[in-house]
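Structure data follow from start_26.pdb (PDB, C-alpha atoms, pLDDT in the B column):
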ATOM      1  CA  MET A 201       0.000   0.000   0.000  1.00 53.00           C
ATOM      2  CA  ASP A 202       1.099   3.511  -0.653  1.00 59.00           C
ATOM      3  CA  GLY A 203       1.772   6.032   2.056  1.00 62.00           C
ATOM      4  CA  PRO A 204      -1.181   8.268   1.120  1.00 71.00           C
ATOM      5  CA  VAL A 205      -3.629   5.331   1.222  1.00 63.00           C
ATOM      6  CA  ILE A 206      -2.484   4.367   4.710  1.00 66.00           C
ATOM      7  CA  GLY A 207      -2.740   8.004   5.748  1.00 64.00           C
ATOM      8  CA  ILE A 208      -6.322   8.248   4.492  1.00 66.00           C
ATOM      9  CA  ILE A 209      -7.309   4.989   6.183  1.00 66.00           C
ATOM     10  CA  SER A 210      -5.774   6.066   9.483  1.00 66.00           C
ATOM     11  CA  ALA A 211      -7.305   9.555   9.187  1.00 67.00           C
ATOM     12  CA  ILE A 212     -10.765   8.002   8.824  1.00 72.00           C
ATOM     13  CA  GLY A 213     -10.225   4.992  11.070  1.00 73.00           C
ATOM     14  CA  PHE A 214      -8.908   6.725  14.186  1.00 74.00           C
ATOM     15  CA  PRO A 215     -11.819   9.178  14.616  1.00 79.00           C
ATOM     16  CA  ALA A 216     -14.275   6.365  13.892  1.00 77.00           C
ATOM     17  CA  LEU A 217     -12.567   4.260  16.563  1.00 78.00           C
ATOM     18  CA  VAL A 218     -12.732   7.107  19.083  1.00 81.00           C
ATOM     19  CA  ILE A 219     -16.383   7.843  18.315  1.00 83.00           C
ATOM     20  CA  GLY A 220     -17.228   4.139  18.565  1.00 77.00           C
ATOM     21  CA  ALA A 221     -15.481   3.866  21.927  1.00 78.00           C
ATOM     22  CA  LEU A 222     -17.334   6.925  23.242  1.00 80.00           C
ATOM     23  CA  LEU A 223     -20.676   5.494  22.113  1.00 77.00           C
ATOM     24  CA  ILE A 224     -19.968   2.197  23.828  1.00 75.00           C
ATOM     25  CA  TRP A 225     -18.900   4.051  26.985  1.00 74.00           C
ATOM     26  CA  TRP A 226     -22.122   6.106  26.930  1.00 73.00           C
ATOM     27  CA  PHE A 227     -24.421   3.115  26.308  1.00 72.00           C
ATOM     28  CA  PHE A 228     -22.656   0.694  28.649  1.00 79.00           C
ATOM     29  CA  PRO A 229     -22.078   1.776  32.260  1.00 86.00           C
ATOM     30  CA  ALA A 230     -19.099  -0.422  33.121  1.00 85.00           C
ATOM     31  CA  GLY A 231     -19.007   0.693  36.762  1.00 89.00           C
ATOM     32  CA  LEU A 232     -22.618  -0.314  37.325  1.00 92.00           C
ATOM     33  CA  TRP A 233     -22.042  -3.673  35.640  1.00 92.00           C
ATOM     34  CA  ILE A 234     -18.976  -4.326  37.816  1.00 93.00           C
ATOM     35  CA  ALA A 235     -20.905  -3.376  40.962  1.00 94.00           C
ATOM     36  CA  ALA A 236     -23.787  -5.688  40.068  1.00 94.00           C
ATOM     37  CA  THR A 237     -21.556  -8.599  39.101  1.00 94.00           C
ATOM     38  CA  SER A 238     -19.391  -8.297  42.199  1.00 95.00           C
ATOM     39  CA  SER A 239     -22.547  -8.197  44.351  1.00 94.00           C
ATOM     40  CA  GLY A 240     -23.729 -11.496  42.931  1.00 94.00           C
ATOM     41  CA  VAL A 241     -26.394 -10.063  40.623  1.00 94.00           C
ATOM     42  CA  PRO A 242     -25.721 -11.464  37.151  1.00 91.00           C
ATOM     43  CA  ILE A 243     -26.496  -8.852  34.513  1.00 92.00           C
ATOM     44  CA  PHE A 244     -25.473  -9.214  30.906  1.00 91.00           C
ATOM     45  CA  PRO A 245     -23.864  -6.136  29.356  1.00 89.00           C
ATOM     46  CA  LEU A 246     -26.358  -6.222  26.488  1.00 89.00           C
ATOM     47  CA  THR A 247     -29.178  -5.896  29.023  1.00 91.00           C
ATOM     48  CA  LEU A 248     -27.742  -2.623  30.281  1.00 91.00           C
ATOM     49  CA  ILE A 249     -27.372  -1.349  26.722  1.00 88.00           C
ATOM     50  CA  THR A 250     -30.976  -2.206  25.846  1.00 90.00           C
ATOM     51  CA  MET A 251     -32.158  -0.513  29.042  1.00 92.00           C
ATOM     52  CA  ARG A 252     -30.472   2.680  27.860  1.00 89.00           C
ATOM     53  CA  LEU A 253     -32.117   2.333  24.446  1.00 89.00           C
ATOM     54  CA  ARG A 254     -35.540   1.988  26.109  1.00 91.00           C
ATOM     55  CA  GLY A 255     -34.923   5.185  28.062  1.00 90.00           C
ATOM     56  CA  VAL A 256     -34.508   3.606  31.483  1.00 92.00           C
ATOM     57  CA  ASN A 257     -32.034   5.036  33.960  1.00 92.00           C
ATOM     58  CA  GLN A 258     -29.964   1.911  34.558  1.00 93.00           C
ATOM     59  CA  ALA A 259     -28.739   2.928  38.013  1.00 94.00           C
ATOM     60  CA  SER A 260     -32.285   3.522  39.276  1.00 95.00           C
ATOM     61  CA  VAL A 261     -33.125  -0.103  38.512  1.00 96.00           C
ATOM     62  CA  VAL A 262     -29.867  -1.971  39.080  1.00 96.00           C
ATOM     63  CA  ASN A 263     -28.966  -0.398  42.441  1.00 96.00           C
ATOM     64  CA  PRO A 264     -32.322  -1.357  44.043  1.00 97.00           C
ATOM     65  CA  LEU A 265     -31.901  -4.847  42.546  1.00 97.00           C
ATOM     66  CA  ILE A 266     -28.507  -5.144  44.253  1.00 97.00           C
ATOM     67  CA  GLN A 267     -30.045  -3.900  47.501  1.00 96.00           C
ATOM     68  CA  ALA A 268     -32.851  -6.469  47.270  1.00 96.00           C
ATOM     69  CA  HIS A 269     -30.388  -9.263  46.501  1.00 96.00           C
ATOM     70  CA  LYS A 270     -28.281  -8.340  49.527  1.00 96.00           C
ATOM     71  CA  ALA A 271     -31.439  -8.358  51.683  1.00 94.00           C
ATOM     72  CA  GLY A 272     -32.295 -11.877  50.539  1.00 94.00           C
ATOM     73  CA  LEU A 273     -35.158 -11.022  48.174  1.00 94.00           C
ATOM     74  CA  SER A 274     -35.322 -12.541  44.732  1.00 93.00           C
ATOM     75  CA  LEU A 275     -36.650  -9.872  42.393  1.00 95.00           C
ATOM     76  CA  SER A 276     -36.326  -9.849  38.635  1.00 94.00           C
ATOM     77  CA  LEU A 277     -34.627  -7.137  36.669  1.00 94.00           C
ATOM     78  CA  ASP A 278     -37.459  -7.248  34.130  1.00 94.00           C
ATOM     79  CA  GLY A 279     -40.078  -6.619  36.818  1.00 95.00           C
ATOM     80  CA  LEU A 280     -38.204  -3.666  38.254  1.00 96.00           C
ATOM     81  CA  GLU A 281     -37.607  -2.245  34.789  1.00 95.00           C
ATOM     82  CA  ALA A 282     -41.290  -2.609  33.904  1.00 95.00           C
ATOM     83  CA  HIS A 283     -42.272  -0.817  37.101  1.00 95.00           C
ATOM     84  CA  CYS A 284     -39.818   1.969  36.267  1.00 95.00           C
ATOM     85  CA  LEU A 285     -41.250   2.301  32.750  1.00 94.00           C
ATOM     86  CA  ALA A 286     -44.770   2.449  34.238  1.00 94.00           C
ATOM     87  CA  GLY A 287     -43.721   5.485  36.280  1.00 93.00           C
ATOM     88  CA  GLY A 288     -43.340   3.759  39.623  1.00 93.00           C
ATOM     89  CA  ASN A 289     -40.875   4.370  42.421  1.00 94.00           C
ATOM     90  CA  VAL A 290     -38.497   1.409  42.147  1.00 96.00           C
ATOM     91  CA  GLN A 291     -36.392   2.351  45.175  1.00 96.00           C
ATOM     92  CA  GLY A 292     -39.527   2.818  47.291  1.00 94.00           C
ATOM     93  CA  ILE A 293     -40.864  -0.589  46.252  1.00 95.00           C
ATOM     94  CA  VAL A 294     -37.622  -2.328  47.164  1.00 96.00           C
ATOM     95  CA  ASN A 295     -37.376  -0.530  50.512  1.00 95.00           C
ATOM     96  CA  ALA A 296     -40.982  -1.457  51.326  1.00 94.00           C
ATOM     97  CA  LEU A 297     -40.440  -5.105  50.339  1.00 95.00           C
ATOM     98  CA  ILE A 298     -37.327  -5.302  52.510  1.00 94.00           C
ATOM     99  CA  SER A 299     -39.163  -3.723  55.459  1.00 92.00           C
ATOM    100  CA  ALA A 300     -42.112  -6.065  55.023  1.00 92.00           C
ATOM    101  CA  ASN A 301     -39.828  -9.090  54.761  1.00 92.00           C
ATOM    102  CA  LYS A 302     -37.936  -8.143  57.922  1.00 91.00           C
ATOM    103  CA  ALA A 303     -41.231  -7.566  59.780  1.00 87.00           C
ATOM    104  CA  GLY A 304     -42.644 -10.909  58.657  1.00 89.00           C
ATOM    105  CA  ILE A 305     -45.356  -9.340  56.502  1.00 88.00           C
ATOM    106  CA  SER A 306     -46.380 -11.215  53.390  1.00 90.00           C
ATOM    107  CA  LEU A 307     -46.134  -8.616  50.627  1.00 90.00           C
ATOM    108  CA  GLU A 308     -45.705  -9.705  47.038  1.00 93.00           C
ATOM    109  CA  PHE A 309     -43.922  -7.648  44.406  1.00 94.00           C
ATOM    110  CA  ASP A 310     -47.052  -7.298  42.271  1.00 94.00           C
ATOM    111  CA  GLN A 311     -49.088  -6.107  45.248  1.00 93.00           C
ATOM    112  CA  ALA A 312     -46.459  -3.525  46.136  1.00 93.00           C
ATOM    113  CA  CYS A 313     -46.330  -2.303  42.536  1.00 93.00           C
ATOM    114  CA  GLY A 314     -50.107  -1.991  42.455  1.00 93.00           C
ATOM    115  CA  ILE A 315     -50.162   0.052  45.638  1.00 92.00           C
ATOM    116  CA  ASP A 316     -47.362   2.271  44.356  1.00 93.00           C
ATOM    117  CA  LEU A 317     -48.961   2.853  40.955  1.00 93.00           C
ATOM    118  CA  ALA A 318     -52.300   3.603  42.619  1.00 93.00           C
ATOM    119  CA  GLY A 319     -50.694   6.669  44.159  1.00 90.00           C
ATOM    120  CA  ARG A 320     -50.167   5.517  47.728  1.00 88.00           C
ATOM    121  CA  ASP A 321     -46.803   5.686  49.415  1.00 89.00           C
ATOM    122  CA  ILE A 322     -45.926   2.004  49.789  1.00 88.00           C
ATOM    123  CA  GLN A 323     -43.269   2.655  52.409  1.00 87.00           C
ATOM    124  CA  GLU A 324     -45.777   4.518  54.556  1.00 87.00           C
ATOM    125  CA  ALA A 325     -48.328   1.734  54.110  1.00 84.00           C
ATOM    126  CA  VAL A 326     -45.836  -0.887  55.307  1.00 85.00           C
ATOM    127  CA  ALA A 327     -44.772   1.337  58.221  1.00 84.00           C
ATOM    128  CA  MET A 328     -48.434   1.766  59.230  1.00 83.00           C
ATOM    129  CA  TYR A 329     -48.891  -1.986  59.185  1.00 80.00           C
ATOM    130  CA  VAL A 330     -45.791  -2.543  61.319  1.00 75.00           C
ATOM    131  CA  ARG A 331     -46.461   0.332  63.734  1.00 72.00           C
ATOM    132  CA  PRO A 332     -50.170   1.264  63.629  1.00 67.00           C
ATOM    133  CA  ARG A 333     -51.051   4.789  64.656  1.00 63.00           C
ATOM    134  CA  ILE A 334     -53.682   5.308  67.288  1.00 66.00           C
ATOM    135  CA  ILE A 335     -55.977   8.171  66.368  1.00 69.00           C
ATOM    136  CA  LYS A 336     -57.574   9.923  69.320  1.00 69.00           C
TER     137      LYS A 336
END
What would you get if you wrote out this structure as structure tokens?
Amino acid sequence: MDGPVIGIISAIGFPALVIGALLIWWFFPAGLWIAATSSGVPIFPLTLITMRLRGVNQASVVNPLIQAHKAGLSLSLDGLEAHCLAGGNVQGIVNALISANKAGISLEFDQACGIDLAGRDIQEAVAMYVRPRIIK
């Protein structure tokens, strides 16, 4: 190959490589993936990329999933993502499920999502069940 051909290829290839690397870095949050994997929550990198494409804030779903896993709850990433897409409070749901589990209250994920999407504060509802208020 001639010198000018190599120069043209490298002039086009290097910026394309840099732009490609920046796109991958923007779509794939490596720190979040490492945190999830090291916490024992298996998440495929492609899942995080598709979450970004669907417009989901990955950290607002993955961090509560890690928290639930550490608390001994088995929640699905798909369920949490669906609740996030429906406009629900994912962190509030996970906190309420952990509180209910620790208090021995039987609260299912679907029930908690229904309460949250109905407009009630699920954490307050669980707290009222654990410590009822006496109204004078």
The residue from A:Ile266, A:Ala318, A:Val294, A:Ser260 with the smallest atom-to-atom distance to Thr237 in chain A, counting all atoms listed in the file, is A:Ile266
Could you work out an axis-aligned bounding box for all listed atoms of range 255-263 of chain A, with 6 Å added on each of the six sides, and give its centre and edge lengths in Å to one decimal, as lines of an AutoDock Vina configuration file?
center_x = -31.8
center_y = 1.6
center_z = 35.3
size_x = 18.2
size_y = 19.2
size_z = 26.4
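Relative to CA of Gly272 in chain A, CA of Ile298 in chain A is found at 8.5 Å.
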Closest to Ile293 in chain A among A:Ala235, A:Cys313, A:Thr250, A:Glu308, using only C-alpha atoms?
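Using only C-alpha atoms, the shortest distance to Ile293 in chain A belongs to A:Cys313.
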Sphere at (-33.9, -8.3, 37.9), radius 9 Å, counting only C-alpha atoms: residues as a list of chain:residue names:
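The distance filter leaves exactly A:Val241, A:Pro242, A:Ile243, A:Val261, A:Val262, A:Leu265, A:Ile266, A:Ser274, A:Leu275, A:Ser276, A:Leu277, A:Asp278, A:Gly279, A:Leu280, A:Glu281.
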Test item: residues at most 10 Å from Leu317 in chain A, all atoms listed in the file, excluding those fewer than 5 positions along its chain, as a list of chain:residue names
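Once the adjacent positions are removed, what remains is A:His283, A:Ala286, A:Gly287, A:Gly288, A:Asn289, A:Gln311, A:Ala312, A:Ile322.
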Gap from CA of Ala300 in chain A to CA of Val330 in chain A - Å, one decimal
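Spanning CA of Ala300 in chain A to CA of Val330 in chain A is a straight-line distance of 8.1 Å.
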To one decimal place, how far is CA of Tyr329 in chain A from CA of Lys270 in chain A in Å?
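Those two atoms sit 23.6 Å apart.
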Could you give me, as a ChimeraX atom specification, the residues within 10 Å of Pro229 in chain A, counting all atoms listed in the file and dropping anything in the same chain fewer than 3 positions from it?
/A:224-226,232-234,245,248-249,252,258-259
For C-alpha atoms, I'd like the residues from the last selection saved as a PDB file, in the coordinates of the input.
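Ended up saving to part_26.pdb:
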ATOM      1  CA  ILE A 224     -19.968   2.197  23.828  1.00 75.00           C
ATOM      2  CA  TRP A 225     -18.900   4.051  26.985  1.00 74.00           C
ATOM      3  CA  TRP A 226     -22.122   6.106  26.930  1.00 73.00           C
ATOM      4  CA  LEU A 232     -22.618  -0.314  37.325  1.00 92.00           C
ATOM      5  CA  TRP A 233     -22.042  -3.673  35.640  1.00 92.00           C
ATOM      6  CA  ILE A 234     -18.976  -4.326  37.816  1.00 93.00           C
ATOM      7  CA  PRO A 245     -23.864  -6.136  29.356  1.00 89.00           C
ATOM      8  CA  LEU A 248     -27.742  -2.623  30.281  1.00 91.00           C
ATOM      9  CA  ILE A 249     -27.372  -1.349  26.722  1.00 88.00           C
ATOM     10  CA  ARG A 252     -30.472   2.680  27.860  1.00 89.00           C
ATOM     11  CA  GLN A 258     -29.964   1.911  34.558  1.00 93.00           C
ATOM     12  CA  ALA A 259     -28.739   2.928  38.013  1.00 94.00           C
TER      13      ALA A 259
END
Where atoms are missing, can you supply N, CA and C atoms for range 279-310 of chain A and output the lot as an mmCIF file, in the coordinates of the input?
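Result written to out_39.cif:
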data_model
loop_
_atom_site.group_PDB
_atom_site.id
_atom_site.type_symbol
_atom_site.label_atom_id
_atom_site.label_comp_id
_atom_site.auth_asym_id
_atom_site.auth_seq_id
_atom_site.Cartn_x
_atom_site.Cartn_y
_atom_site.Cartn_z
ATOM 1 N N GLY A 279 -38.976 -7.166 36.037
ATOM 2 C CA GLY A 279 -40.078 -6.619 36.818
ATOM 3 C C GLY A 279 -39.794 -5.213 37.311
ATOM 4 N N LEU A 280 -38.574 -4.995 37.786
ATOM 5 C CA LEU A 280 -38.204 -3.666 38.254
ATOM 6 C C LEU A 280 -38.160 -2.673 37.101
ATOM 7 N N GLU A 281 -37.656 -3.126 35.955
ATOM 8 C CA GLU A 281 -37.607 -2.245 34.789
ATOM 9 C C GLU A 281 -39.010 -1.903 34.309
ATOM 10 N N ALA A 282 -39.904 -2.867 34.311
ATOM 11 C CA ALA A 282 -41.290 -2.609 33.904
ATOM 12 C C ALA A 282 -41.959 -1.617 34.851
ATOM 13 N N HIS A 283 -41.691 -1.747 36.133
ATOM 14 C CA HIS A 283 -42.272 -0.817 37.101
ATOM 15 C C HIS A 283 -41.714 0.588 36.888
ATOM 16 N N CYS A 284 -40.435 0.673 36.558
ATOM 17 C CA CYS A 284 -39.818 1.969 36.267
ATOM 18 C C CYS A 284 -40.443 2.592 35.023
ATOM 19 N N LEU A 285 -40.644 1.793 33.979
ATOM 20 C CA LEU A 285 -41.250 2.301 32.750
ATOM 21 C C LEU A 285 -42.706 2.714 32.963
ATOM 22 N N ALA A 286 -43.376 2.092 33.943
ATOM 23 C CA ALA A 286 -44.770 2.449 34.238
ATOM 24 C C ALA A 286 -44.864 3.717 35.079
ATOM 25 N N GLY A 287 -43.723 4.253 35.502
ATOM 26 C CA GLY A 287 -43.721 5.485 36.280
ATOM 27 C C GLY A 287 -43.704 5.265 37.770
ATOM 28 N N GLY A 288 -43.361 4.069 38.202
ATOM 29 C CA GLY A 288 -43.340 3.759 39.623
ATOM 30 C C GLY A 288 -42.029 4.116 40.288
ATOM 31 N N ASN A 289 -42.050 4.073 41.601
ATOM 32 C CA ASN A 289 -40.875 4.370 42.421
ATOM 33 C C ASN A 289 -40.185 3.047 42.751
ATOM 34 N N VAL A 290 -39.164 2.704 41.992
ATOM 35 C CA VAL A 290 -38.497 1.409 42.147
ATOM 36 C C VAL A 290 -37.804 1.317 43.498
ATOM 37 N N GLN A 291 -37.100 2.374 43.894
ATOM 38 C CA GLN A 291 -36.392 2.351 45.175
ATOM 39 C C GLN A 291 -37.379 2.227 46.331
ATOM 40 N N GLY A 292 -38.513 2.910 46.246
ATOM 41 C CA GLY A 292 -39.527 2.818 47.291
ATOM 42 C C GLY A 292 -40.118 1.423 47.402
ATOM 43 N N ILE A 293 -40.337 0.776 46.262
ATOM 44 C CA ILE A 293 -40.864 -0.589 46.252
ATOM 45 C C ILE A 293 -39.882 -1.540 46.943
ATOM 46 N N VAL A 294 -38.630 -1.428 46.593
ATOM 47 C CA VAL A 294 -37.622 -2.328 47.164
ATOM 48 C C VAL A 294 -37.482 -2.078 48.664
ATOM 49 N N ASN A 295 -37.463 -0.819 49.078
ATOM 50 C CA ASN A 295 -37.376 -0.530 50.512
ATOM 51 C C ASN A 295 -38.581 -1.082 51.265
ATOM 52 N N ALA A 296 -39.767 -0.944 50.681
ATOM 53 C CA ALA A 296 -40.982 -1.457 51.326
ATOM 54 C C ALA A 296 -40.968 -2.980 51.393
ATOM 55 N N LEU A 297 -40.512 -3.636 50.325
ATOM 56 C CA LEU A 297 -40.440 -5.105 50.339
ATOM 57 C C LEU A 297 -39.436 -5.604 51.364
ATOM 58 N N ILE A 298 -38.321 -4.908 51.507
ATOM 59 C CA ILE A 298 -37.327 -5.302 52.510
ATOM 60 C C ILE A 298 -37.890 -5.108 53.904
ATOM 61 N N SER A 299 -38.553 -3.979 54.144
ATOM 62 C CA SER A 299 -39.163 -3.723 55.459
ATOM 63 C C SER A 299 -40.224 -4.758 55.781
ATOM 64 N N ALA A 300 -41.063 -5.076 54.805
ATOM 65 C CA ALA A 300 -42.112 -6.065 55.023
ATOM 66 C C ALA A 300 -41.518 -7.446 55.289
ATOM 67 N N ASN A 301 -40.474 -7.795 54.569
ATOM 68 C CA ASN A 301 -39.828 -9.090 54.761
ATOM 69 C C ASN A 301 -39.215 -9.193 56.154
ATOM 70 N N LYS A 302 -38.566 -8.134 56.598
ATOM 71 C CA LYS A 302 -37.936 -8.143 57.922
ATOM 72 C C LYS A 302 -38.976 -8.159 59.035
ATOM 73 N N ALA A 303 -40.169 -7.589 58.780
ATOM 74 C CA ALA A 303 -41.231 -7.566 59.780
ATOM 75 C C ALA A 303 -42.114 -8.805 59.726
ATOM 76 N N GLY A 304 -41.857 -9.693 58.768
ATOM 77 C CA GLY A 304 -42.644 -10.909 58.657
ATOM 78 C C GLY A 304 -43.983 -10.716 57.971
ATOM 79 N N ILE A 305 -44.115 -9.639 57.215
ATOM 80 C CA ILE A 305 -45.356 -9.340 56.502
ATOM 81 C C ILE A 305 -45.273 -9.961 55.115
ATOM 82 N N SER A 306 -46.338 -10.619 54.719
ATOM 83 C CA SER A 306 -46.380 -11.215 53.390
ATOM 84 C C SER A 306 -46.814 -10.147 52.386
ATOM 85 N N LEU A 307 -45.855 -9.624 51.645
ATOM 86 C CA LEU A 307 -46.134 -8.616 50.627
ATOM 87 C C LEU A 307 -45.447 -9.050 49.349
ATOM 88 N N GLU A 308 -46.233 -9.278 48.328
ATOM 89 C CA GLU A 308 -45.705 -9.705 47.038
ATOM 90 C C GLU A 308 -45.298 -8.481 46.212
ATOM 91 N N PHE A 309 -44.412 -8.721 45.263
ATOM 92 C CA PHE A 309 -43.922 -7.648 44.406
ATOM 93 C C PHE A 309 -45.054 -7.015 43.619
ATOM 94 N N ASP A 310 -45.944 -7.826 43.063
ATOM 95 C CA ASP A 310 -47.052 -7.298 42.271
ATOM 96 C C ASP A 310 -48.007 -6.463 43.116
#
